[in-house]
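Have a look at the structure below, then the notes.
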Amino acid sequence: MTSDEIRETFLAFFERHGHKRQRSGSLVPAAFDPSVLLTTAGMHPLKPYFMGLEAPPQPTLTSCQKCFRTPDIDNVGVTARHLTFFEMLGNFSIGDYFKQGAVEFAWDLTLNGFHFKPEDVWVTVFEGDPAMGIGPDEEAIAAWESVGVPRERIVLCPASENFWWSGDTGPCGPCSELYLDRGLEYGTAEDLPGGENERFLEFWNLVFMQFDQDEQKVLTPLPAQNIDTGLGLNRMAVILQGVETVFDTDQFVPLMQLGRELATVAEPEERSLRILADHTRGMTFLIADGVVPSSEDRGYVLRRLMRRAIQHGRRIGAPHGFLPRYVDVVLETMGTAYPELHTEKERILKWVRAEEEGFGRTLEQGLALLEEHLAKGTLDAAAAFQLHDTFGFPIEMTTEVAEEAGVTVDQEGFTRLMDQQRARSAGGVGGKGRVGGAADLVRGLSSEPTVFTGYEQLEQQTTVAAVTERDGRTFVKLSESPFYAQGGGQVSDGGTIAGEGDGTSAAVTDVLRAGEDQAVVVELLAGELTAGERVTASVDRPARTAIQANHTATHLLHAALRQTLGDHVRQAGSYVGPDKLRFDFTHTQRMTEAERAQVEDQINAWVLANHPVRAMETTLDEARALGAMALFGEKYGDVVRMVEIGDGSFSRELCGGTHVRSTAEIGVVKIISEGSSAANVRRIEALTGPAAIGLLRAHDAQLSRTADALRTQPENVADAVTALQAKAKAAAKSSGGADAGAVDRLAAQATDTSGIQVLAASVEGVGPKDLADLTDRVRGKLGEDAVAVLGSTLEGKVSLVVASGPGAIARGVKAGTIVKVGAQVVGGGGGGKDTMAQAGGRDPEKLADALDAARAAIQAALA
């Protein structure tokens with residue numbers, strides 16, 4: 001049975017038994033779920049149903065979910081079955097059938113769908129745990145006995161084996177696992193399911209979801225008893241295809257064969273071939289679901305995966321540029337089941353090529369340095385940190401290579417150095433919050449959900465359903481509410497709640513979202529709000545008007561960026577408030593002035609065209625067929641809200657936010673900045689309407705003041721400044737300093753590297769003091785997203801200066817680190833601040849090599 005047949009056999013079986021087939025959710029979890037970086041189980045996209053936050057499309061569901069588990073990365077290639085990316089088949093019951101029903105379905109499909117012999121199947125159940133206050137799962141034992149499993153093939157196991165958690169917090173419960181007995185040729189008569197042996201192979205896990213675990217590890221019953229099962233498709237393929245490892249199954253054979261074809265070494269390592277097969281599958285699916293390589297969170301997982309694949313490609317002697325070949329095979333084997341792979345093919349290839357090219361530039365240098373340390377038999381924290389910070393080696397990759405050489409890495413010391421760097425960069429972020437914390441509060445106020453009316457009106461006569469105080473804040477549940485709750489980048493509405501005739505009033509300061517439900521946070525101004533009271537809820541109209549203009553402008557910006565830069569552009573985050581809009585998007589380099597102008601002109605052309613803006617409800621399939629853009633990390637049901645601008649030919653997005661009725665209401669859009677947000681992510685900020693007009697007026701006033709200072713007319717300011725520059729150039733030349741022409745000539749040599757302007761060049765006969773001044777001026781000419789490295793020789797000595805702008809520093813390019821790399825090459829030393837650093841050296845012949853090393857270090861930091 002092929003993998004595709006296994007998938008369809010499972011899903012079709014449960015469809016016949018009344019389950020609704022669900023498409024796989026994204027590998028990027030829903031935005032409200034910060035408990036995991038990536039989707040690790042089939043039930044993750046269904047968490048809101050299990051937690052009672054949303055109503056499921058029906059109580060019984062089935063799916064084949066894309067999953068990714070980072071802890072398994074190091075085991076890939078070592079064991080027969082560990083993978084990072086895998087498919088998890090599952091059937092789910094939300095308050096419908098429970099243990100008896102789950103057992104009956106599993107037994108039926110196992111025997112009659114997958115044709116296992118009943119005498120070969122064993123099961124495990126939870127033995128209970130006094131510390132958890134739970135006894136043995138007698139209900140599960142009785143269910144298995146009722147379908148014909150003899151008691152001697154039902155094995156009791158501890159919580160470590162038979163209790164399932166979805167994360168540190170959230171739904172959980174006892175489970176029961178099905179095992180295939182492969183016979184005594186794989187073990188001994190004493191072996192049992194749940195033990196460390198090869199005789200019994202687990203293939204299906206039935207989770208009896210009864211509890212919700214909070215941050216204190218306290219278990220409380222869920223609103224309904226639920227079923228969550230997981231059957232690993234790839235594990236089942238091993239069994240049904242009669243092979244020994246997952247890498248011998250039909251999804252992996254073409255990838256393993258490709259590795260052998262690409263290898264130029266006589267006998268490529270089987271482990272390397274397996275790592276390449278697994279990691280290239282994982283990277284392809286991650287990129288297709290919107291992840292881009294970076295140094296943080298899920299982007300770091302992707303980068304680690306890709307760089308490990310590149311390293312093992314080098315081990316087998318694969319030619320440069322081999323990763324796209326793997327992408328093609330993944331699409332051939334998986335594209336029918338997951339059509340998004342074909343839709344995102346060009347985007348996948350773009351990021352794969354960029355990462356392979358970027359890391360390839362520093363891989364050889366980094367490996368040479370690593371091997372130099374390993375030859376000494378030691379690898380201290382500083383060396384590991386240098387490999388990470390200068391050459392882009394994930395610490396896990398460094399550790400893996402070191403362990404193969406029998407050398408231990410100082411992991412604790414490395415972590416301390418990383419923490420110190422984060423502290424210096426002030427780049428830390430807060431911890432992950434509890435899933436559903438705000439939702440629990442909202443749900444606890446009232447069982448009846450609030451009806452949101454804010455799409456249609458900004459003032460609503462309504463009833464106070466509930467009021468509560470917590471931690472000094474007042475929370476109010478309204479029967480109907482015009483207040484938008486923060487979501488999709490759009491901030492929550494503000495406004496007021498006023499009692500009818502009794503003088504009660506309150507300011508709305510925040511709105512909490514719980515699925516489709518909400519509660520407002522208020523500051524009481526007069527009187528008290530009480531349950532059952534009739535009130536008038538009013539949204540802050542000027543603020544909402546500005547928010548709506550900014551939100552529609554964000555959609556126009558997204559469309560214009562894709563038209564100008566390419567379809568690889570995807571939203572990576574946004575802020576839509578009354579003051580401005582901020583839009584993060586995937587792109588590898590800084591926009592040129594021409595591109596920025598083209599985007600701004602296109603947006604304003606659409607604004608002036610007065611296109612209608614329409615929001616409509618449709619099915620998710622229909623929206624996708626119409627080409628609607630969906631946000632990565634957002635969870636969508638079968639029915640979605642789609643916002644269409646004009647005839648939809650340039651902008652259709654799935655969006656729950658509020659918008660203007662026509663583009664002309666925006667007035668004007670002015671881009672105020674474009675810069676680097678993270679590796680491979682750019683950020684644009686813009687103003688609309690009155691705020692944009694105010695900025696333009698401020699610019700006019702500034703131009704007038706500048707013209708007055710230059711004693712000329714505003715239209716002649718540029719000519720007057722040019723004349724002043726000519727005078728300054730002449731003065732500099734007469735004093736022996738570098739003139740503006742030299743600055744311009746050096747700046748023209750800069751190249752764009754991942755959105756940062758990079759210059760590494762030599763100048764003749766310039767001393768340290770003048771070289772520092774020249775480097776600073778060149779960096780200033782290049783802008784904030786730039787780094788300049790200049791070197792010079794004078795009287796047999798070498799001078800090096802590095803100047804790094806704020807945008808480059810934010811991306812990890814620190815002048816003090818870079819200058820030390822170059823100084824080592826010319827036999828000297830130096831240092832300085834993140835913004836500027838200087839060094840000297842004794843070997844003028846190696847200046848060019850020093851500049852190359854500095855350039856490579858910059859590229860590694862930006863890769």
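Labels used: A, B, ... for chains in the order of the structure tokens, numbers from 1 for residues in each chain, and numbers from 1 for ligands as shown.
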Just asking: which residues within range 358-423 of chain A are alpha helix (DSSP H) according to DSSP, as a compact mmCIF listing (two decimals) with all heavy atoms, in the first residue's frame?
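See states.txt below for the written result:
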```txt
# COMPACT_ATOMS: atom_id res chain seq x y z
N GLY A 358 24.43 31.98 0.23
CA GLY A 358 24.96 32.77 1.34
C GLY A 358 25.82 31.95 2.28
O GLY A 358 26.92 32.36 2.64
N PHE A 359 25.33 30.79 2.70
CA PHE A 359 26.09 29.97 3.64
C PHE A 359 27.29 29.33 2.94
O PHE A 359 28.33 29.10 3.58
CB PHE A 359 25.19 28.89 4.24
CG PHE A 359 25.86 28.10 5.34
CD1 PHE A 359 26.48 28.75 6.40
CD2 PHE A 359 25.84 26.72 5.34
CE1 PHE A 359 27.08 28.04 7.42
CE2 PHE A 359 26.44 26.00 6.36
CZ PHE A 359 27.06 26.66 7.41
N GLY A 360 27.15 29.06 1.64
CA GLY A 360 28.27 28.47 0.91
C GLY A 360 29.50 29.34 0.91
O GLY A 360 30.63 28.85 0.84
N ARG A 361 29.29 30.68 1.02
CA ARG A 361 30.43 31.61 0.99
C ARG A 361 31.28 31.49 2.24
O ARG A 361 32.48 31.79 2.22
CB ARG A 361 29.92 33.05 0.84
CG ARG A 361 29.37 33.38 -0.53
CD ARG A 361 29.18 34.89 -0.67
NE ARG A 361 28.14 35.40 0.20
CZ ARG A 361 26.91 35.70 -0.21
NH1 ARG A 361 26.59 35.53 -1.47
NH2 ARG A 361 26.02 36.17 0.63
N THR A 362 30.67 31.10 3.36
CA THR A 362 31.43 31.07 4.61
C THR A 362 31.65 29.66 5.14
O THR A 362 32.40 29.49 6.11
CB THR A 362 30.68 31.88 5.69
OG1 THR A 362 29.37 31.30 5.87
CG2 THR A 362 30.53 33.32 5.27
N LEU A 363 31.02 28.66 4.52
CA LEU A 363 31.12 27.30 5.02
C LEU A 363 32.56 26.80 5.05
O LEU A 363 33.03 26.26 6.05
CB LEU A 363 30.25 26.36 4.17
CG LEU A 363 30.31 24.87 4.54
CD1 LEU A 363 29.83 24.67 5.97
CD2 LEU A 363 29.47 24.05 3.57
N GLU A 364 33.28 26.99 3.95
CA GLU A 364 34.65 26.48 3.87
C GLU A 364 35.54 27.14 4.91
O GLU A 364 36.33 26.47 5.59
CB GLU A 364 35.21 26.69 2.46
CG GLU A 364 34.51 25.89 1.38
CD GLU A 364 34.61 24.38 1.62
OE1 GLU A 364 35.63 23.93 2.18
OE2 GLU A 364 33.65 23.67 1.27
N GLN A 365 35.44 28.48 5.03
CA GLN A 365 36.27 29.18 6.02
C GLN A 365 35.95 28.73 7.43
O GLN A 365 36.84 28.50 8.25
CB GLN A 365 36.04 30.69 5.90
CG GLN A 365 36.62 31.31 4.64
CD GLN A 365 36.26 32.79 4.55
OE1 GLN A 365 35.11 33.13 4.35
NE2 GLN A 365 37.24 33.65 4.70
N GLY A 366 34.64 28.60 7.71
CA GLY A 366 34.23 28.18 9.05
C GLY A 366 34.68 26.77 9.37
O GLY A 366 35.15 26.50 10.48
N LEU A 367 34.56 25.86 8.42
CA LEU A 367 34.99 24.47 8.64
C LEU A 367 36.50 24.41 8.85
O LEU A 367 36.99 23.62 9.66
CB LEU A 367 34.57 23.59 7.48
CG LEU A 367 33.09 23.20 7.43
CD1 LEU A 367 32.78 22.46 6.14
CD2 LEU A 367 32.72 22.35 8.64
N ALA A 368 37.24 25.24 8.12
CA ALA A 368 38.69 25.25 8.29
C ALA A 368 39.07 25.69 9.70
O ALA A 368 39.94 25.10 10.35
CB ALA A 368 39.33 26.18 7.25
N LEU A 369 38.40 26.74 10.19
CA LEU A 369 38.65 27.21 11.55
C LEU A 369 38.24 26.15 12.57
O LEU A 369 38.96 25.89 13.55
CB LEU A 369 37.87 28.50 11.81
CG LEU A 369 38.00 29.10 13.21
CD1 LEU A 369 39.45 29.48 13.52
CD2 LEU A 369 37.08 30.32 13.37
N LEU A 370 37.10 25.51 12.34
CA LEU A 370 36.63 24.48 13.26
C LEU A 370 37.62 23.32 13.31
O LEU A 370 37.97 22.82 14.39
CB LEU A 370 35.24 23.99 12.82
CG LEU A 370 34.61 22.84 13.61
CD1 LEU A 370 34.54 23.18 15.10
CD2 LEU A 370 33.23 22.53 13.07
N GLU A 371 38.07 22.88 12.14
CA GLU A 371 39.02 21.76 12.10
C GLU A 371 40.35 22.13 12.76
O GLU A 371 41.01 21.28 13.37
CB GLU A 371 39.23 21.33 10.65
CG GLU A 371 38.00 20.60 10.07
CD GLU A 371 38.03 20.49 8.56
OE1 GLU A 371 39.04 20.93 7.96
OE2 GLU A 371 37.04 19.99 7.98
N GLU A 372 40.70 23.41 12.67
CA GLU A 372 41.93 23.87 13.32
C GLU A 372 41.81 23.73 14.84
O GLU A 372 42.74 23.27 15.52
CB GLU A 372 42.17 25.34 12.95
CG GLU A 372 43.42 25.95 13.55
CD GLU A 372 43.58 27.41 13.15
OE1 GLU A 372 43.27 27.74 11.99
OE2 GLU A 372 43.99 28.21 14.01
N HIS A 373 40.66 24.09 15.38
CA HIS A 373 40.43 23.95 16.82
C HIS A 373 40.35 22.47 17.21
O HIS A 373 40.90 22.07 18.24
CB HIS A 373 39.14 24.66 17.23
CG HIS A 373 39.26 26.14 17.34
ND1 HIS A 373 39.91 26.76 18.38
CD2 HIS A 373 38.82 27.14 16.52
CE1 HIS A 373 39.86 28.07 18.22
NE2 HIS A 373 39.20 28.33 17.10
N LEU A 374 39.66 21.68 16.40
CA LEU A 374 39.51 20.26 16.74
C LEU A 374 40.84 19.53 16.72
O LEU A 374 41.04 18.58 17.49
CB LEU A 374 38.53 19.60 15.76
CG LEU A 374 37.08 20.12 15.80
CD1 LEU A 374 36.23 19.40 14.76
CD2 LEU A 374 36.49 19.94 17.19
N ALA A 375 41.74 19.98 15.83
CA ALA A 375 43.06 19.35 15.77
C ALA A 375 43.82 19.54 17.08
O ALA A 375 44.67 18.73 17.45
CB ALA A 375 43.86 19.93 14.61
N ALA A 381 34.17 27.98 24.52
CA ALA A 381 32.96 28.75 24.24
C ALA A 381 33.23 29.88 23.26
O ALA A 381 32.40 30.17 22.39
CB ALA A 381 32.39 29.29 25.55
N ALA A 382 34.37 30.54 23.40
CA ALA A 382 34.68 31.67 22.52
C ALA A 382 34.79 31.22 21.07
O ALA A 382 34.32 31.91 20.15
CB ALA A 382 35.99 32.33 22.97
N ALA A 383 35.40 30.05 20.85
CA ALA A 383 35.54 29.55 19.47
C ALA A 383 34.17 29.18 18.90
O ALA A 383 33.86 29.47 17.74
CB ALA A 383 36.47 28.33 19.46
N ALA A 384 33.34 28.53 19.71
CA ALA A 384 32.00 28.17 19.25
C ALA A 384 31.19 29.41 18.94
O ALA A 384 30.44 29.46 17.96
CB ALA A 384 31.29 27.32 20.30
N PHE A 385 31.35 30.44 19.78
CA PHE A 385 30.63 31.69 19.57
C PHE A 385 31.11 32.38 18.29
O PHE A 385 30.31 32.92 17.53
CB PHE A 385 30.82 32.62 20.76
CG PHE A 385 30.07 33.92 20.64
CD1 PHE A 385 28.70 33.97 20.85
CD2 PHE A 385 30.73 35.09 20.29
CE1 PHE A 385 28.00 35.16 20.72
CE2 PHE A 385 30.04 36.29 20.16
CZ PHE A 385 28.68 36.32 20.38
N GLN A 386 32.42 32.35 18.04
CA GLN A 386 32.95 32.95 16.82
C GLN A 386 32.40 32.23 15.58
O GLN A 386 32.03 32.86 14.59
CB GLN A 386 34.48 32.90 16.81
CG GLN A 386 35.08 33.57 15.56
CD GLN A 386 36.59 33.43 15.49
OE1 GLN A 386 37.18 32.62 16.22
NE2 GLN A 386 37.22 34.19 14.61
N LEU A 387 32.33 30.91 15.64
CA LEU A 387 31.78 30.15 14.51
C LEU A 387 30.32 30.53 14.26
O LEU A 387 29.87 30.62 13.12
CB LEU A 387 31.90 28.65 14.78
CG LEU A 387 33.32 28.08 14.64
CD1 LEU A 387 33.39 26.70 15.29
CD2 LEU A 387 33.72 27.99 13.17
N HIS A 388 29.59 30.76 15.34
CA HIS A 388 28.18 31.14 15.22
C HIS A 388 28.05 32.57 14.73
O HIS A 388 27.30 32.87 13.79
CB HIS A 388 27.49 30.98 16.57
CG HIS A 388 26.08 31.47 16.61
ND1 HIS A 388 25.76 32.80 16.80
CD2 HIS A 388 24.89 30.82 16.47
CE1 HIS A 388 24.45 32.94 16.77
NE2 HIS A 388 23.90 31.77 16.58
N ASP A 389 28.78 33.48 15.38
CA ASP A 389 28.58 34.91 15.15
C ASP A 389 29.23 35.40 13.87
O ASP A 389 28.70 36.28 13.20
CB ASP A 389 29.14 35.69 16.35
CG ASP A 389 28.49 37.05 16.51
OD1 ASP A 389 27.26 37.12 16.41
OD2 ASP A 389 29.23 38.03 16.72
N THR A 390 30.37 34.81 13.53
CA THR A 390 31.13 35.29 12.38
C THR A 390 30.87 34.46 11.13
O THR A 390 30.79 35.01 10.03
CB THR A 390 32.64 35.28 12.70
OG1 THR A 390 32.87 36.06 13.87
CG2 THR A 390 33.43 35.87 11.54
N PHE A 391 30.71 33.16 11.28
CA PHE A 391 30.59 32.28 10.11
C PHE A 391 29.21 31.64 9.96
O PHE A 391 28.99 30.85 9.04
CB PHE A 391 31.67 31.19 10.17
CG PHE A 391 33.06 31.74 10.11
CD1 PHE A 391 33.81 31.90 11.26
CD2 PHE A 391 33.62 32.15 8.90
CE1 PHE A 391 35.10 32.42 11.22
CE2 PHE A 391 34.89 32.67 8.84
CZ PHE A 391 35.64 32.82 10.00
N ILE A 395 24.99 26.43 16.57
CA ILE A 395 25.75 25.75 17.62
C ILE A 395 25.53 24.24 17.54
O ILE A 395 26.43 23.46 17.81
CB ILE A 395 25.37 26.29 19.02
CG1 ILE A 395 26.20 25.62 20.11
CG2 ILE A 395 23.90 26.13 19.29
CD1 ILE A 395 27.70 25.81 19.98
N GLU A 396 24.33 23.83 17.14
CA GLU A 396 24.05 22.40 17.03
C GLU A 396 24.94 21.75 15.97
O GLU A 396 25.37 20.60 16.12
CB GLU A 396 22.57 22.17 16.71
CG GLU A 396 21.61 22.66 17.76
CD GLU A 396 21.26 24.14 17.61
OE1 GLU A 396 21.79 24.79 16.67
OE2 GLU A 396 20.48 24.64 18.42
N MET A 397 25.21 22.47 14.88
CA MET A 397 26.06 21.92 13.83
C MET A 397 27.51 21.83 14.31
O MET A 397 28.21 20.84 14.07
CB MET A 397 25.97 22.79 12.57
CG MET A 397 26.55 22.15 11.32
SD MET A 397 26.21 23.13 9.86
CE MET A 397 27.71 24.07 9.75
N THR A 398 27.97 22.87 14.99
CA THR A 398 29.32 22.85 15.55
C THR A 398 29.48 21.69 16.53
O THR A 398 30.48 20.96 16.49
CB THR A 398 29.60 24.19 16.28
OG1 THR A 398 29.52 25.26 15.34
CG2 THR A 398 30.97 24.17 16.93
N THR A 399 28.48 21.50 17.40
CA THR A 399 28.53 20.42 18.38
C THR A 399 28.56 19.06 17.70
O THR A 399 29.30 18.15 18.12
CB THR A 399 27.32 20.51 19.33
OG1 THR A 399 27.33 21.80 19.97
CG2 THR A 399 27.35 19.42 20.37
N GLU A 400 27.76 18.90 16.66
CA GLU A 400 27.70 17.62 15.95
C GLU A 400 29.06 17.26 15.34
O GLU A 400 29.54 16.13 15.48
CB GLU A 400 26.64 17.70 14.85
CG GLU A 400 26.49 16.42 14.04
CD GLU A 400 25.46 16.56 12.92
OE1 GLU A 400 24.68 17.52 12.94
OE2 GLU A 400 25.47 15.71 12.02
N VAL A 401 29.70 18.24 14.68
CA VAL A 401 31.01 17.98 14.06
C VAL A 401 32.05 17.69 15.13
O VAL A 401 32.89 16.80 14.98
CB VAL A 401 31.44 19.17 13.18
CG1 VAL A 401 32.84 18.96 12.63
CG2 VAL A 401 30.45 19.37 12.04
N ALA A 402 31.98 18.45 16.24
CA ALA A 402 32.95 18.25 17.32
C ALA A 402 32.80 16.88 17.95
O ALA A 402 33.80 16.20 18.22
CB ALA A 402 32.77 19.35 18.37
N GLU A 403 31.58 16.46 18.18
CA GLU A 403 31.35 15.15 18.79
C GLU A 403 31.86 14.02 17.91
O GLU A 403 32.37 13.01 18.41
CB GLU A 403 29.85 14.97 19.08
CG GLU A 403 29.37 15.80 20.27
CD GLU A 403 27.88 15.66 20.50
OE1 GLU A 403 27.18 15.11 19.61
OE2 GLU A 403 27.41 16.12 21.56
N GLU A 404 31.74 14.19 16.59
CA GLU A 404 32.26 13.16 15.69
C GLU A 404 33.78 13.05 15.80
O GLU A 404 34.35 11.99 15.55
CB GLU A 404 31.87 13.50 14.24
CG GLU A 404 30.37 13.34 13.97
CD GLU A 404 29.98 13.86 12.61
OE1 GLU A 404 30.87 14.39 11.90
OE2 GLU A 404 28.81 13.75 12.24
N GLN A 411 29.04 24.15 26.06
CA GLN A 411 27.70 24.65 25.75
C GLN A 411 27.28 25.75 26.72
O GLN A 411 26.67 26.75 26.32
CB GLN A 411 26.70 23.49 25.80
CG GLN A 411 26.88 22.45 24.71
CD GLN A 411 26.04 22.77 23.48
OE1 GLN A 411 25.50 23.86 23.35
NE2 GLN A 411 25.95 21.81 22.58
N GLU A 412 27.58 25.57 28.00
CA GLU A 412 27.17 26.58 28.99
C GLU A 412 27.86 27.91 28.74
O GLU A 412 27.24 28.98 28.81
CB GLU A 412 27.48 26.08 30.41
CG GLU A 412 26.60 24.92 30.86
CD GLU A 412 26.84 24.56 32.31
OE1 GLU A 412 27.62 25.29 32.98
OE2 GLU A 412 26.26 23.57 32.78
N GLY A 413 29.14 27.85 28.42
CA GLY A 413 29.87 29.08 28.12
C GLY A 413 29.34 29.76 26.88
O GLY A 413 29.23 30.99 26.82
N PHE A 414 29.01 28.96 25.87
CA PHE A 414 28.44 29.51 24.64
C PHE A 414 27.12 30.22 24.94
O PHE A 414 26.87 31.33 24.46
CB PHE A 414 28.22 28.41 23.61
CG PHE A 414 27.47 28.86 22.39
CD1 PHE A 414 28.13 29.49 21.35
CD2 PHE A 414 26.10 28.66 22.28
CE1 PHE A 414 27.44 29.91 20.23
CE2 PHE A 414 25.40 29.08 21.16
CZ PHE A 414 26.08 29.71 20.13
N THR A 415 26.29 29.59 25.76
CA THR A 415 25.00 30.18 26.11
C THR A 415 25.19 31.51 26.83
O THR A 415 24.46 32.48 26.59
CB THR A 415 24.18 29.21 26.99
OG1 THR A 415 23.99 27.99 26.26
CG2 THR A 415 22.84 29.81 27.36
N ARG A 416 26.19 31.58 27.73
CA ARG A 416 26.46 32.84 28.43
C ARG A 416 26.85 33.93 27.45
O ARG A 416 26.39 35.08 27.56
CB ARG A 416 27.57 32.64 29.46
CG ARG A 416 27.12 31.95 30.75
CD ARG A 416 28.16 32.12 31.85
NE ARG A 416 29.45 31.56 31.49
CZ ARG A 416 29.80 30.29 31.69
NH1 ARG A 416 28.94 29.45 32.25
NH2 ARG A 416 30.99 29.85 31.34
N LEU A 417 27.71 33.60 26.49
CA LEU A 417 28.13 34.59 25.50
C LEU A 417 26.95 35.05 24.65
O LEU A 417 26.84 36.23 24.31
CB LEU A 417 29.23 34.02 24.61
CG LEU A 417 30.57 33.76 25.30
CD1 LEU A 417 31.53 33.05 24.36
CD2 LEU A 417 31.19 35.09 25.77
N MET A 418 26.06 34.12 24.29
CA MET A 418 24.88 34.49 23.53
C MET A 418 23.97 35.40 24.34
O MET A 418 23.43 36.39 23.82
CB MET A 418 24.11 33.23 23.10
CG MET A 418 24.76 32.46 21.96
SD MET A 418 24.83 33.41 20.41
CE MET A 418 23.09 33.61 20.05
N ASP A 419 23.81 35.09 25.63
CA ASP A 419 22.97 35.93 26.48
C ASP A 419 23.55 37.33 26.61
O ASP A 419 22.81 38.33 26.61
CB ASP A 419 22.83 35.30 27.87
CG ASP A 419 21.97 34.05 27.87
OD1 ASP A 419 21.21 33.85 26.89
OD2 ASP A 419 22.07 33.25 28.83
N GLN A 420 24.88 37.40 26.72
CA GLN A 420 25.52 38.72 26.80
C GLN A 420 25.30 39.51 25.52
O GLN A 420 25.05 40.72 25.56
CB GLN A 420 27.02 38.54 27.07
CG GLN A 420 27.34 38.01 28.46
CD GLN A 420 28.80 37.60 28.60
OE1 GLN A 420 29.64 37.92 27.74
NE2 GLN A 420 29.12 36.86 29.66
N GLN A 421 25.37 38.83 24.38
CA GLN A 421 25.15 39.51 23.11
C GLN A 421 23.71 40.02 23.01
O GLN A 421 23.46 41.15 22.58
CB GLN A 421 25.45 38.58 21.93
CG GLN A 421 25.32 39.28 20.57
CD GLN A 421 25.37 38.29 19.44
OE1 GLN A 421 24.54 37.39 19.36
NE2 GLN A 421 26.33 38.46 18.54
N ARG A 422 22.75 39.17 23.43
CA ARG A 422 21.35 39.59 23.38
C ARG A 422 21.11 40.80 24.29
O ARG A 422 20.35 41.71 23.95
CB ARG A 422 20.44 38.44 23.78
CG ARG A 422 20.42 37.29 22.78
CD ARG A 422 19.34 36.27 23.13
NE ARG A 422 19.41 35.12 22.25
CZ ARG A 422 19.93 33.95 22.58
NH1 ARG A 422 20.44 33.78 23.79
NH2 ARG A 422 19.96 32.95 21.72
N ALA A 423 21.75 40.78 25.45
CA ALA A 423 21.58 41.89 26.38
C ALA A 423 22.14 43.18 25.78
O ALA A 423 21.54 44.24 25.89
CB ALA A 423 22.27 41.58 27.71
```
>> Report as an NGL selection string all protein, DNA and RNA residues lying within 12 Å of Leu156 in chain A, evaluated on only C-alpha atoms, omitting residues in the same chain fewer than 4 positions from it.
In response: :A and (122-129 or 135-138 or 140-141 or 151-152 or 160-163 or 174-177 or 192-195)
For the residues in that selection, give me C-alpha atoms as a compact mmCIF listing (two decimals), in the first residue's frame.
```txt
# COMPACT_ATOMS: atom_id res chain seq x y z
CA TRP A 122 -1.23 -5.46 21.36
CA VAL A 123 -2.40 -2.34 23.22
CA THR A 124 -1.19 -0.28 26.17
CA VAL A 125 -3.26 1.75 28.63
CA PHE A 126 -2.47 4.23 31.41
CA GLU A 127 -1.66 2.52 34.71
CA GLY A 128 -2.59 5.58 36.78
CA ASP A 129 -0.51 7.96 38.89
CA GLY A 135 -6.12 5.66 38.83
CA PRO A 136 -5.72 2.94 36.15
CA ASP A 137 -7.78 3.45 33.00
CA GLU A 138 -10.31 0.68 33.62
CA ALA A 140 -10.14 1.76 28.27
CA ILE A 141 -9.32 -1.79 29.39
CA ARG A 151 -6.42 -9.14 28.76
CA GLU A 152 -2.90 -10.60 28.40
CA SER A 160 5.74 8.72 30.59
CA GLU A 161 4.35 6.29 28.02
CA ASN A 162 0.59 6.64 28.23
CA PHE A 163 -0.33 10.18 29.17
CA PRO A 174 -4.51 9.42 29.27
CA CYS A 175 -3.90 7.50 26.10
CA SER A 176 -3.95 4.00 24.69
CA GLU A 177 -1.49 2.87 22.02
CA LEU A 192 6.48 -5.91 25.97
CA PRO A 193 4.89 -2.89 24.24
CA GLY A 194 6.12 0.38 25.68
CA GLY A 195 9.59 -1.04 26.38
```
>> So that I can see what lies close to Gly566 in chain A, please list as a PyMOL selection string the residues with an atom at most 12 Å from it, counting only C-alpha atoms and leaving out residues fewer than 2 positions away in the same chain.
In response: chain A and resi 346-347+350+558-564+568-570+585-588+595+599
> Which is closer to Pro449 in chain A than all the others in A:Leu771, A:Glu54, A:Ile73, A:Ala723, using only C-alpha atoms?
Replying inline: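 The answer is A:Glu54, which sits nearest to Pro449 in chain A.
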>> Under the rule that only C-alpha atoms are counted, which of A:Thr453, A:Gln859, A:Thr751, A:Ser676 is the nearest residue to Ala810 in chain A?
In response: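 With only C-alpha atoms as the atom set, the closest residue is A:Ser676.
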>> Residues near Leu524 in chain A, anyone? I mean within 10 Å using only C-alpha atoms, not counting same-chain ones fewer than 6 positions away, as a ChimeraX atom specification.
In response: /A:473-474,496-497,504-508
Selection from above, C-alpha atoms, as a CSV table (one decimal), in the first residue's frame, can you write it?
```
chain,number,residue,atom,x,y,z
A,473,ARG,CA,-9.0,46.1,36.1
A,474,THR,CA,-12.7,46.0,35.3
A,496,THR,CA,-17.1,54.7,25.8
A,497,ILE,CA,-20.0,52.9,27.5
A,504,THR,CA,-22.9,55.9,34.5
A,505,SER,CA,-20.0,56.2,32.1
A,506,ALA,CA,-16.8,54.2,31.4
A,507,ALA,CA,-13.9,54.5,29.0
A,508,VAL,CA,-13.1,51.4,27.0
```
> In Å, with one decimal, what is the gap from CA of Ile672 in chain A to CA of Gly489 in chain A?
Replying inline: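 Straight-line distance from CA of Ile672 in chain A to CA of Gly489 in chain A works out to 18.9 Å.
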> Could you name the residues that touch range 109-121 of chain A at 10 Å or less, counting only C-alpha atoms, but leaving out those on the same chain fewer than 5 positions away, as a list in words?
Replying inline: Met1, Ile6, Thr9, Phe10, Phe13, Phe14, Glu104, Gly148, Val149, Pro150, Arg153, Ile154, Leu178, Tyr179, Leu180, Asp181, Arg182, Gly183, Phe200, Leu201, Glu202, Phe203, Trp204, Met236, Ile239 and Leu240 of chain A
